[in-house]
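Taking it in order: structure first as structure tokens, then the write-up.
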Amino acid sequence: MGFQETYAQWISDHLGRRQGERERRLREGHGYAEKAFVEKVWWPAFGHFRQLHPEYEVTDFKDGYRYLDFAYLRSGIKLAIEIDGYGPHLRGISRDRFSDQCRRQNDLILDGWKVLRFTYDDVSENPRYCQQTLQQFMGRWLGEADNLRQINYQERELLRQFLRAGRPLTPADICQTMGVENKTARKWLRQLLEKRWIQPASGSVRIRSYRLSLDAERLLL
């Protein structure tokens with residue numbers, strides 16, 4: 001199906017699963033700017049709407065309810081997508097309203113969400129930039145999350161040892177903390193090195209110690 005048919009079915013499916021305020025919000029809150037985003041940005045970039053939820057309800061730290069323009073939920077990744085217009089209502093925004101918007105985004109981040117914001121001007125006039133930003137996000141975060149899930153129990157425990165130590169570790173350190181022989185410790189370290197979760201800290205021909213890679217630190221901390 002083309003965009004119009006797929007879009008209509010997507011909205012219909014979500015309406016069919018909602019009641020009350022959640023249904024009303026989708027009917028009234030999903031407007032011109034949001035449809036422009038899915039038509040000019042999301043659909044050309046991905047060609048489907050799987051895992052994309054319009055007007056997605058979340059709770060804030062005051063036990064209230066807020067709605068995201070879009071939520072993309074997959075592989076342990078929670079991505080909030082917001083489309084920001086620029087008009088008289090925004091230029092004249094009150095200090096309290098501005099603070100509330102900032103707190104809203106902070107609440108999302110504290111709750112484990114990633115947040116991407118696009119202006120309506122970019123959606124309508126520079127959609128390729130928006131497409132590339134989303135594609136780069138998917139390639140970076142989802143690829144790393146999929147790779148992390150492929151790590152087995154021993155490898156996860158090794159990564160924890162690096163985090164606890166806060167310094168480079170040697171095979172001898174692994175032997176002591178994990179209670180294994182040197183041969184096994186070196187095998188496990190090679191596996192993590194191949195997956196790029198650790199990198200050499202000293203030694204060139206023969207690696208003497210290892211440290212966490214920057215990608216591993218960012219995902220594990």
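Letters A, B, ... mark the chains of the structure tokens in the order given; residue numbers begin at 1 per chain; ligand numbers begin at 1, in order shown.
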
Write out as a PDB file with C-alpha atoms, in the first residue's frame the set of residues from chain A that DSSP, computed on the backbone, places in strand (DSSP E).
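Okay, this is what ended up in out34.pdb:
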```pdb
ATOM      1  CA  LEU A  52       5.572   4.117  16.061  1.00  0.00           C
ATOM      2  CA  HIS A  53       2.786   5.363  18.358  1.00  0.00           C
ATOM      3  CA  PRO A  54       1.004   8.711  17.800  1.00  0.00           C
ATOM      4  CA  GLU A  55      -0.087  10.838  20.772  1.00  0.00           C
ATOM      5  CA  TYR A  56       1.481   8.408  23.241  1.00  0.00           C
ATOM      6  CA  GLU A  57       0.441   8.730  26.871  1.00  0.00           C
ATOM      7  CA  VAL A  58       3.108   8.875  29.588  1.00  0.00           C
ATOM      8  CA  THR A  59       2.990   9.660  33.293  1.00  0.00           C
ATOM      9  CA  TYR A  65      -0.521  12.375  32.303  1.00  0.00           C
ATOM     10  CA  ARG A  66       1.199  13.904  29.321  1.00  0.00           C
ATOM     11  CA  TYR A  67       1.172  13.058  25.634  1.00  0.00           C
ATOM     12  CA  LEU A  68       4.117  12.726  23.292  1.00  0.00           C
ATOM     13  CA  ASP A  69       3.614  13.619  19.642  1.00  0.00           C
ATOM     14  CA  PHE A  70       5.169  10.236  18.810  1.00  0.00           C
ATOM     15  CA  ALA A  71       6.811   7.389  20.684  1.00  0.00           C
ATOM     16  CA  TYR A  72       8.995   4.769  19.030  1.00  0.00           C
ATOM     17  CA  LEU A  73       9.310   1.648  21.188  1.00  0.00           C
ATOM     18  CA  ARG A  74      11.632  -1.172  20.200  1.00  0.00           C
ATOM     19  CA  ILE A  77      14.755   1.818  23.348  1.00  0.00           C
ATOM     20  CA  LYS A  78      12.162   4.466  24.186  1.00  0.00           C
ATOM     21  CA  LEU A  79      12.338   7.381  21.747  1.00  0.00           C
ATOM     22  CA  ALA A  80      10.113  10.433  22.209  1.00  0.00           C
ATOM     23  CA  ILE A  81       9.647  12.537  19.072  1.00  0.00           C
ATOM     24  CA  GLU A  82       8.245  16.044  19.369  1.00  0.00           C
ATOM     25  CA  ILE A  83       7.270  18.442  16.574  1.00  0.00           C
ATOM     26  CA  ASP A  84       7.648  22.063  17.646  1.00  0.00           C
ATOM     27  CA  LYS A 114      15.657   9.409  24.376  1.00  0.00           C
ATOM     28  CA  VAL A 115      14.251  12.655  22.990  1.00  0.00           C
ATOM     29  CA  LEU A 116      14.421  14.096  19.469  1.00  0.00           C
ATOM     30  CA  ARG A 117      12.782  17.417  18.663  1.00  0.00           C
ATOM     31  CA  PHE A 118      12.086  18.751  15.164  1.00  0.00           C
ATOM     32  CA  THR A 119      10.723  22.145  14.212  1.00  0.00           C
ATOM     33  CA  ILE A 198      36.758  -3.361  25.511  1.00  0.00           C
ATOM     34  CA  GLN A 199      39.982  -2.106  23.953  1.00  0.00           C
ATOM     35  CA  PRO A 200      43.708  -2.474  24.676  1.00  0.00           C
ATOM     36  CA  ALA A 201      45.003  -0.302  27.484  1.00  0.00           C
ATOM     37  CA  SER A 202      48.638  -1.380  27.286  1.00  0.00           C
ATOM     38  CA  SER A 209      45.635  -4.941  30.000  1.00  0.00           C
ATOM     39  CA  TYR A 210      42.232  -3.840  28.730  1.00  0.00           C
ATOM     40  CA  ARG A 211      39.764  -1.074  29.453  1.00  0.00           C
ATOM     41  CA  LEU A 212      36.109  -0.449  28.590  1.00  0.00           C
TER      42      LEU A 212
END
```

- Task: With a distance cut-off of 12 Å and only C-alpha atoms, select the neighbouring residues of stretch 164-172 of chain A, excluding the residue or stretch itself and same-chain residues fewer than 6 positions from it, and output the selection as an MDAnalysis selection string.
- Result: chainID A and resid 157:158 178:190 198:203 206:213 217 220:221

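Counting only C-alpha atoms, A:Lys35 has the following residues at most 10 Å away, ignoring those fewer than 5 positions along the same chain: Tyr7, His30, Lys40, Val41, Trp42 and Pro54 of chain A.
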
Grab the residues selected above and save them as a tab-separated table (two decimals), in the first residue's frame with all heavy atoms.
```
chain	number	residue	atom	x	y	z
A	7	TYR	N	-1.23	5.01	6.15
A	7	TYR	CA	-1.44	5.99	7.21
A	7	TYR	C	-2.85	5.86	7.79
A	7	TYR	O	-3.03	5.84	9.02
A	7	TYR	CB	-1.21	7.40	6.66
A	7	TYR	CG	-1.60	8.50	7.60
A	7	TYR	CD1	-0.79	8.86	8.67
A	7	TYR	CD2	-2.80	9.20	7.42
A	7	TYR	CE1	-1.15	9.87	9.55
A	7	TYR	CE2	-3.17	10.22	8.29
A	7	TYR	CZ	-2.35	10.55	9.35
A	7	TYR	OH	-2.71	11.55	10.20
A	30	HIS	N	-3.55	14.89	17.12
A	30	HIS	CA	-2.75	14.51	15.95
A	30	HIS	C	-3.22	15.36	14.77
A	30	HIS	O	-4.18	15.02	14.07
A	30	HIS	CB	-2.94	13.02	15.67
A	30	HIS	CG	-2.05	12.51	14.57
A	30	HIS	ND1	-0.72	12.20	14.74
A	30	HIS	CD2	-2.31	12.28	13.25
A	30	HIS	CE1	-0.20	11.78	13.61
A	30	HIS	NE2	-1.14	11.82	12.69
A	40	LYS	N	6.25	13.34	5.33
A	40	LYS	CA	7.45	13.88	4.70
A	40	LYS	C	8.75	13.34	5.29
A	40	LYS	O	9.80	13.40	4.64
A	40	LYS	CB	7.44	15.41	4.80
A	40	LYS	CG	6.31	16.07	4.04
A	40	LYS	CD	6.42	17.58	4.08
A	40	LYS	CE	5.34	18.25	3.27
A	40	LYS	NZ	5.47	19.73	3.25
A	41	VAL	N	8.68	12.84	6.54
A	41	VAL	CA	9.90	12.42	7.21
A	41	VAL	C	9.90	10.92	7.48
A	41	VAL	O	10.75	10.18	6.97
A	41	VAL	CB	10.10	13.20	8.54
A	41	VAL	CG1	11.33	12.67	9.28
A	41	VAL	CG2	10.23	14.69	8.27
A	42	TRP	N	8.96	10.46	8.31
A	42	TRP	CA	9.01	9.06	8.75
A	42	TRP	C	8.79	8.08	7.59
A	42	TRP	O	9.57	7.13	7.42
A	42	TRP	CB	7.98	8.80	9.84
A	42	TRP	CG	8.13	7.44	10.46
A	42	TRP	CD1	7.59	6.26	10.01
A	42	TRP	CD2	8.94	7.10	11.57
A	42	TRP	NE1	7.99	5.22	10.80
A	42	TRP	CE2	8.82	5.72	11.76
A	42	TRP	CE3	9.74	7.84	12.44
A	42	TRP	CZ2	9.49	5.05	12.79
A	42	TRP	CZ3	10.39	7.18	13.47
A	42	TRP	CH2	10.26	5.80	13.64
A	54	PRO	N	1.35	7.29	17.78
A	54	PRO	CA	1.00	8.71	17.80
A	54	PRO	C	0.31	9.09	19.10
A	54	PRO	O	-0.43	8.30	19.70
A	54	PRO	CB	0.04	8.83	16.62
A	54	PRO	CG	-0.65	7.49	16.56
A	54	PRO	CD	0.41	6.48	16.98
```

- Message: Please determine, counting only C-alpha atoms, which residue among A:Trp10, A:Phe37, A:Arg156, A:Arg196 has the shortest atom-to-atom distance to A:Gln131.
- Response: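 The closest residue to A:Gln131 is A:Phe37.
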
- Task: Counting only C-alpha atoms, figure out which residue out of A:Phe162, A:Trp43, A:Tyr120, A:Trp113 gets nearest to A:Gln135.
- Result: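 So, comparing all the options, the nearest one is A:Trp43.
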
- Message: Can you tell me, as a PyMOL selection string, which residues in stretch 1-156 of chain A count as helix (DSSP H, G or I) by DSSP?
- Response: chain A and resi 3-16+20-29+32-46+88-91+95-110+120-125+127-149+153-156
